[in-house]
Amino acid sequence: MMFLNELKPGMKAKVKEICIENEMLCRRLMDMGIAEDAEILITCKAPLGGPVALECANQSICIRRNDAACIQVERV
Amino acid sequence: MKQTALVGNPNCGKTTLFNSITGSYEYVGNWPGVTVEKKVGVLSGVSEEQIIDLPGLYSINPVSADEAVVTNCLLEVPVDGILNIVDAAQLNRSLYVTLQLLELQKPMLIALNMIDVARNRGIKVDAVKLAEQLNIPVTPIIARSGEGCNDVKTEITRLGGETKPSFFIDYGPLVEPMILQIEKIVGDEHTVPARWIAIQYLEGNAAVESWLTVRGLLDQLNGHRITLEEQIIEIQSVKSLSQYFRMVRSVLISDMVQVVEQRVNARMVTRTQQLDRIVTHPLLGAPVFLIFMFLIFKVTFDWVGTPLSDVLSIWLDQDVSPWMNQFLISQGASDFIIAVITNGIISGVGGVLVFVPQIFLLFMMISFIEDSGYMARVAFVMDRIMQLFGLNGKAFIPMIIGFGCNVPGVMAARTIEQPRERLFTILLTPLMSCSARLPVYSLFAGTFFAANQSMVVFSLYLLGIIVALVLAKVFSLFAGVSGTGMFFIELPPYRVPQWKTLWRSTWEKGKGFVRKAGTFIFGGSVLIWLLSYLGPTGAHVQMNESLLAIIGGWIAPVFAPIGFGTWQAGVALITGFLAKEVVVSTMNIIYAAPDAGTLATAIGQAFTPLSAYSFMVFVLLYVPCLATVAVIRKETGSTKWTWFSVGYALVIAYILALVVYQGGKLLGFGV
């Protein structure tokens with residue numbers, strides 16, 4: 001079991017499951033096509049536990065690290 | 001008159017296309033890149049064709065307040081057609097909105113934008129095939145260069161009448177009967193089809209729900225969704241009804257994309273990625289941002305803005321004022337008229353107009369940040385810090401906009417999804433030192449701290465930010481926050497802002513300032529001058545015995561503990577509520593100063609450096625201006641919070657000015 005926040009910049013992964021409680025954020029992620037089986041590349045992590053920037057289907061988005069910790073992934 | 005609504009994802013070039021096909025903005029109070037309010041323009045050359053520019057959205061089911069603007073517009077405005085912008089580089093995501101729009105059964109056309117960006121990424125979208133799939137016209141365009149925009153114009157004029165799209169999504173045997181049932185309850189006398197309402201309601205669209213509530217229909221529907229949701233979750237592998245709708249559409253979209261899209265694998269490092277390596281670098285990110293802000297500050301105050309303002313000021317004093325005087329005398333104007341114009345209007349309005357260069361420069365640089373795509377990176381870099389204070393990184397965007405003017409700053413808070421974080425951002429954005437406060441600083445800092453002028457002014461900007469952050473923390477403590485904020489932002493690709501766009505958005509923002517000079521400040525100046533001219537004993541009295549002096553004298557004692565218990569300061573602060581730059585206009589008039597030099601001398605006698613600093617702190621923080629209060633009322637929809645925003649600002653301003661003045665005296669600066 002691995003979660004998105006554990007990945008380092010430059011690593012790629014496939015989304016297994018999204019267990020974020022905040023419904024608005026869930027919808028936003030779905031809007032961006034971040035759902036099961038979507039491929040994600042971590043591009044950057046802000047310092048001191050700041051947000052994570054990731055790429056998915058040619059779009060670049062940021063979410064907080066604690067939310068990234070609720071996205072289960074599998075490295076590819 | 002025919003109305004066409006412009007709808008699409010955020011940052012897909014809606015406003016660029018809007019600017020290119022319409023002649024001018026009709027409604028303002030906006031900022032490009034992130035449109036938060038609808039704007040109406042007229043198709044250039046075709047006066048009966050109106051275009052409504054709407055905020056960007058990822059789904060018709062809104063998450064944030066700016067997205068709700070779109071749903072509400074579609075519900076309320078009987079638009080004749082829809083112009084849907086589709087980002088060719090993000091076909092999947094864009095088509096999700098397209099499908100929901102098609103269900104409106106209105107005449108519709110697609111402008112397939114960013115075909116150049118898509119091509120660079122190795123994506124080729126076949127416009128003809130897409131048109132076949134959706135059964136509506138598709139025009140490929142590059143909005144930034146204007147390519148294809150004329151074709152869009154032609155298509156818009158052709159749009160309408162008999163060509164209603166025949167598009168229908170079958171949501172399956174479980175959902176369809178329910179849709180039919182709801183359709184019957186809703187009825188078909190509305191601006192949008194009942195089927196659309198039914199689908200959106202089932203998806204949990206909050207804007208549609210409140211629309212139904214207003215019409216007393218929601219109560220009749222409530223049971224429907226819950227039963228259906230339970231059934232769907234049981235049968236399909238989904239977590240909610242809205243997810244089911246998404247699934248059905250997504251399957252449809254994937255099939256479509258397979259037909260219309262060709263991908264050549266051309267993955268390479270783009271310039272955006274290169275820039276982001278520096279700008280969002282873990283260590284360099286924050287310093288890069290600070291350097292950026294410092295440069296903006298330097299350009300506005302030291303390098304370009306102030307010298308230009310000085311030139312303007314000299315021109316007003318040495319050419320305009322004497323010329324006007326002579327002209328009036330030659331026309332045989334009475335002494336009274338001459339006094340109103342030269343002592344009232346020219347002193348008051350002119351005293352503020354000299355700041356036009358600085359303010360325009362500031363607006364131009366803010367527009368640059370907005371247009372370039374850097375703004376989203378700032379939100380990313382600042383999120384961790386903002387989180388400590390109970391806000392999120394996106395709150396920094398309204399604050400930066402607020403440096404230009406608090407009004408669009410407060411409106412920009414709409415993109416913040418969490419209602420509580422949005423409210424705090426609205427309440428705190430007025431603490432950002434807007435360009436209207438700049439004349440006050442320039443006057444006082446220039447008079448008392450000429451050697452360290454930019455440092456003193458910088459300290460005030462910083463103070464505004466610090467107070468805002470500390471108060472955010474205090475507010476969240478009082479609100480008993482659960483600690484689960486939300487942060488989500490898309491980082492758009494960088495774009496070099498075009499001069500045309502840059503100038504246009506600068507002018508859109510800056511003209512408000514010029515307009516204020518012609519209205520509020522003009523009227524205020526005349527009024528102030530009249531009050532200073534009239535007294536209990538008659539007209540043309542000594543300034544100290546005028547009505548103005550009496551009014552100011554009532555409240556002056558309140559300000560004595562913070563260092564400026566004169567009636568002049570009292571009056572200036574009262575009128576400053578209209579607009580903060582009126583403080584300077586008022587002082588120009590009551591110190592009977594026709595030009596900046598005389599005013600500086602008069603102020604030099606009335607204030608000490610310490611009380612001057614205390615005065616600037618007070619002006620920075622005390623009550624948001626009239627326009628900002630109005631927009632806070634509109635955005636919060638609450639009289640209570642509006643009063644709160646005025647009240648807390650006054651209290652904080654007084655306390656901090658007191659600390660500065662009394663503390664400074666104790667430290668021996670009061671001499």
# chains A, B, ... in the order shown; residues from 1 in each chain; ligands from 1

$ residues_around --residues "Ala57 of chain A" --least-positions-apart "5" --cutoff "8 Å" --atoms "only C-alpha atoms" --output "count of residues only"
4

$ closest_atom_pairs --of "chain B" --to "chain A" --cutoff "6 Å" --atoms "only C-alpha atoms" --output "CSV"
residue,atom,partner,partner_atom,distance
B:Tyr58,CA,A:Asp31,CA,5.9
B:Pro282,CA,A:Pro47,CA,5.1
B:Arg384,CA,A:Gly50,CA,4.7
B:Phe487,CA,A:Ile63,CA,5.8
B:Phe488,CA,A:Ile63,CA,5.0
B:Ile489,CA,A:Cys62,CA,5.4
B:Glu490,CA,A:Ile61,CA,4.2
B:Leu491,CA,A:Ser60,CA,5.2

$ residues_around --residues "Ser47 of chain B" --least-positions-apart "5" --cutoff "12 Å" --atoms "only C-alpha atoms" --output "NGL selection string"
:B and (1-3 or 21-24 or 41-42 or 157)

$ residues_around --residues "Arg246 of chain B" --least-positions-apart "3" --cutoff "10 Å" --atoms "only C-alpha atoms" --output "PyMOL selection string"
(chain A and resi 30-31) or (chain B and resi 59+96+203+238+240-243+249-252)

$ write_last_selection --atoms "C-alpha atoms" --output "short mmCIF file (atom, residue, chain, number, x, y, z; two decimals), in the first residue's frame"
data_model
loop_
_atom_site.label_atom_id
_atom_site.label_comp_id
_atom_site.auth_asym_id
_atom_site.auth_seq_id
_atom_site.Cartn_x
_atom_site.Cartn_y
_atom_site.Cartn_z
CA MET A 30 -12.84 14.06 -10.64
CA ASP A 31 -13.37 17.14 -12.78
CA SER B 59 -18.76 21.17 -14.46
CA TYR B 96 -17.56 17.16 -19.88
CA GLU B 203 -26.57 15.28 -9.64
CA VAL B 238 -20.33 3.99 -7.71
CA SER B 240 -22.95 8.46 -5.26
CA LEU B 241 -25.54 9.43 -7.80
CA SER B 242 -23.43 12.30 -9.08
CA GLN B 243 -20.60 9.85 -9.66
CA ARG B 249 -20.77 10.85 -19.50
CA SER B 250 -17.13 9.87 -19.17
CA VAL B 251 -17.67 6.65 -21.07
CA LEU B 252 -19.35 8.61 -23.82
#

$ atom_distance --atom1 "atom CA of Gln200 of chain B" --atom2 "atom CA of Ala5 of chain B"
18.7 Å

$ select_by_dssp --residues "segment 18-51 of chain A" --states "strand (DSSP E)" --output "number ranges by chain"
A: 18, 39-45

$ decode --residues "segment 456-480 of chain B" --atoms "N, CA, C and O atoms" --output "PDB file, in the first residue's frame"
ATOM      1  N   VAL B 456       9.489  53.401   4.435  1.00  0.00           N
ATOM      2  CA  VAL B 456       8.342  53.703   5.286  1.00  0.00           C
ATOM      3  C   VAL B 456       7.062  53.180   4.633  1.00  0.00           C
ATOM      4  O   VAL B 456       6.244  52.528   5.283  1.00  0.00           O
ATOM      5  N   VAL B 457       6.931  53.433   3.329  1.00  0.00           N
ATOM      6  CA  VAL B 457       5.724  52.968   2.648  1.00  0.00           C
ATOM      7  C   VAL B 457       5.686  51.441   2.630  1.00  0.00           C
ATOM      8  O   VAL B 457       4.647  50.825   2.876  1.00  0.00           O
ATOM      9  N   PHE B 458       6.845  50.828   2.391  1.00  0.00           N
ATOM     10  CA  PHE B 458       6.919  49.366   2.393  1.00  0.00           C
ATOM     11  C   PHE B 458       6.468  48.807   3.739  1.00  0.00           C
ATOM     12  O   PHE B 458       5.744  47.813   3.809  1.00  0.00           O
ATOM     13  N   SER B 459       6.867  49.486   4.816  1.00  0.00           N
ATOM     14  CA  SER B 459       6.495  49.007   6.155  1.00  0.00           C
ATOM     15  C   SER B 459       4.977  49.004   6.319  1.00  0.00           C
ATOM     16  O   SER B 459       4.420  48.133   6.981  1.00  0.00           O
ATOM     17  N   LEU B 460       4.309  49.959   5.689  1.00  0.00           N
ATOM     18  CA  LEU B 460       2.847  50.007   5.800  1.00  0.00           C
ATOM     19  C   LEU B 460       2.196  48.856   5.037  1.00  0.00           C
ATOM     20  O   LEU B 460       1.249  48.235   5.520  1.00  0.00           O
ATOM     21  N   TYR B 461       2.712  48.560   3.846  1.00  0.00           N
ATOM     22  CA  TYR B 461       2.196  47.432   3.080  1.00  0.00           C
ATOM     23  C   TYR B 461       2.348  46.152   3.891  1.00  0.00           C
ATOM     24  O   TYR B 461       1.431  45.344   3.980  1.00  0.00           O
ATOM     25  N   LEU B 462       3.535  46.006   4.476  1.00  0.00           N
ATOM     26  CA  LEU B 462       3.838  44.820   5.266  1.00  0.00           C
ATOM     27  C   LEU B 462       2.907  44.730   6.466  1.00  0.00           C
ATOM     28  O   LEU B 462       2.373  43.668   6.786  1.00  0.00           O
ATOM     29  N   LEU B 463       2.698  45.887   7.110  1.00  0.00           N
ATOM     30  CA  LEU B 463       1.823  45.924   8.280  1.00  0.00           C
ATOM     31  C   LEU B 463       0.426  45.430   7.915  1.00  0.00           C
ATOM     32  O   LEU B 463      -0.173  44.639   8.658  1.00  0.00           O
ATOM     33  N   GLY B 464      -0.066  45.868   6.763  1.00  0.00           N
ATOM     34  CA  GLY B 464      -1.384  45.420   6.315  1.00  0.00           C
ATOM     35  C   GLY B 464      -1.448  43.904   6.221  1.00  0.00           C
ATOM     36  O   GLY B 464      -2.394  43.280   6.688  1.00  0.00           O
ATOM     37  N   ILE B 465      -0.411  43.307   5.617  1.00  0.00           N
ATOM     38  CA  ILE B 465      -0.393  41.847   5.448  1.00  0.00           C
ATOM     39  C   ILE B 465      -0.327  41.160   6.805  1.00  0.00           C
ATOM     40  O   ILE B 465      -1.062  40.211   7.078  1.00  0.00           O
ATOM     41  N   ILE B 466       0.557  41.663   7.680  1.00  0.00           N
ATOM     42  CA  ILE B 466       0.735  41.015   8.986  1.00  0.00           C
ATOM     43  C   ILE B 466      -0.563  41.078   9.785  1.00  0.00           C
ATOM     44  O   ILE B 466      -1.013  40.075  10.335  1.00  0.00           O
ATOM     45  N   VAL B 467      -1.176  42.260   9.825  1.00  0.00           N
ATOM     46  CA  VAL B 467      -2.435  42.392  10.568  1.00  0.00           C
ATOM     47  C   VAL B 467      -3.475  41.429  10.002  1.00  0.00           C
ATOM     48  O   VAL B 467      -4.184  40.752  10.747  1.00  0.00           O
ATOM     49  N   ALA B 468      -3.540  41.334   8.668  1.00  0.00           N
ATOM     50  CA  ALA B 468      -4.527  40.433   8.047  1.00  0.00           C
ATOM     51  C   ALA B 468      -4.289  38.989   8.474  1.00  0.00           C
ATOM     52  O   ALA B 468      -5.226  38.278   8.835  1.00  0.00           O
ATOM     53  N   LEU B 469      -3.026  38.558   8.464  1.00  0.00           N
ATOM     54  CA  LEU B 469      -2.734  37.169   8.809  1.00  0.00           C
ATOM     55  C   LEU B 469      -3.043  36.892  10.278  1.00  0.00           C
ATOM     56  O   LEU B 469      -3.657  35.881  10.624  1.00  0.00           O
ATOM     57  N   VAL B 470      -2.626  37.819  11.146  1.00  0.00           N
ATOM     58  CA  VAL B 470      -2.873  37.619  12.574  1.00  0.00           C
ATOM     59  C   VAL B 470      -4.380  37.554  12.834  1.00  0.00           C
ATOM     60  O   VAL B 470      -4.868  36.680  13.550  1.00  0.00           O
ATOM     61  N   LEU B 471      -5.114  38.470  12.196  1.00  0.00           N
ATOM     62  CA  LEU B 471      -6.568  38.464  12.395  1.00  0.00           C
ATOM     63  C   LEU B 471      -7.204  37.194  11.846  1.00  0.00           C
ATOM     64  O   LEU B 471      -8.144  36.670  12.426  1.00  0.00           O
ATOM     65  N   ALA B 472      -6.671  36.683  10.739  1.00  0.00           N
ATOM     66  CA  ALA B 472      -7.203  35.433  10.180  1.00  0.00           C
ATOM     67  C   ALA B 472      -7.106  34.339  11.227  1.00  0.00           C
ATOM     68  O   ALA B 472      -8.041  33.560  11.433  1.00  0.00           O
ATOM     69  N   LYS B 473      -5.950  34.316  11.909  1.00  0.00           N
ATOM     70  CA  LYS B 473      -5.751  33.313  12.956  1.00  0.00           C
ATOM     71  C   LYS B 473      -6.763  33.524  14.089  1.00  0.00           C
ATOM     72  O   LYS B 473      -7.388  32.577  14.563  1.00  0.00           O
ATOM     73  N   VAL B 474      -6.903  34.793  14.493  1.00  0.00           N
ATOM     74  CA  VAL B 474      -7.830  35.103  15.583  1.00  0.00           C
ATOM     75  C   VAL B 474      -9.249  34.698  15.200  1.00  0.00           C
ATOM     76  O   VAL B 474      -9.951  34.042  15.966  1.00  0.00           O
ATOM     77  N   PHE B 475      -9.657  35.067  13.972  1.00  0.00           N
ATOM     78  CA  PHE B 475     -11.007  34.728  13.521  1.00  0.00           C
ATOM     79  C   PHE B 475     -11.204  33.222  13.555  1.00  0.00           C
ATOM     80  O   PHE B 475     -12.230  32.724  14.005  1.00  0.00           O
ATOM     81  N   SER B 476     -10.204  32.467  13.045  1.00  0.00           N
ATOM     82  CA  SER B 476     -10.414  31.014  12.997  1.00  0.00           C
ATOM     83  C   SER B 476     -10.470  30.437  14.398  1.00  0.00           C
ATOM     84  O   SER B 476     -11.189  29.470  14.630  1.00  0.00           O
ATOM     85  N   LEU B 477      -9.718  31.022  15.337  1.00  0.00           N
ATOM     86  CA  LEU B 477      -9.799  30.530  16.711  1.00  0.00           C
ATOM     87  C   LEU B 477     -11.204  30.758  17.262  1.00  0.00           C
ATOM     88  O   LEU B 477     -11.784  29.889  17.904  1.00  0.00           O
ATOM     89  N   PHE B 478     -11.746  31.950  16.982  1.00  0.00           N
ATOM     90  CA  PHE B 478     -13.088  32.258  17.484  1.00  0.00           C
ATOM     91  C   PHE B 478     -14.157  31.412  16.818  1.00  0.00           C
ATOM     92  O   PHE B 478     -15.139  31.033  17.426  1.00  0.00           O
ATOM     93  N   ALA B 479     -13.929  31.131  15.529  1.00  0.00           N
ATOM     94  CA  ALA B 479     -14.927  30.366  14.789  1.00  0.00           C
ATOM     95  C   ALA B 479     -14.883  28.881  15.156  1.00  0.00           C
ATOM     96  O   ALA B 479     -15.723  28.117  14.715  1.00  0.00           O
ATOM     97  N   GLY B 480     -13.884  28.514  15.968  1.00  0.00           N
ATOM     98  CA  GLY B 480     -13.780  27.115  16.367  1.00  0.00           C
ATOM     99  C   GLY B 480     -13.606  26.192  15.182  1.00  0.00           C
ATOM    100  O   GLY B 480     -14.414  25.320  14.920  1.00  0.00           O
TER     101      GLY B 480
END
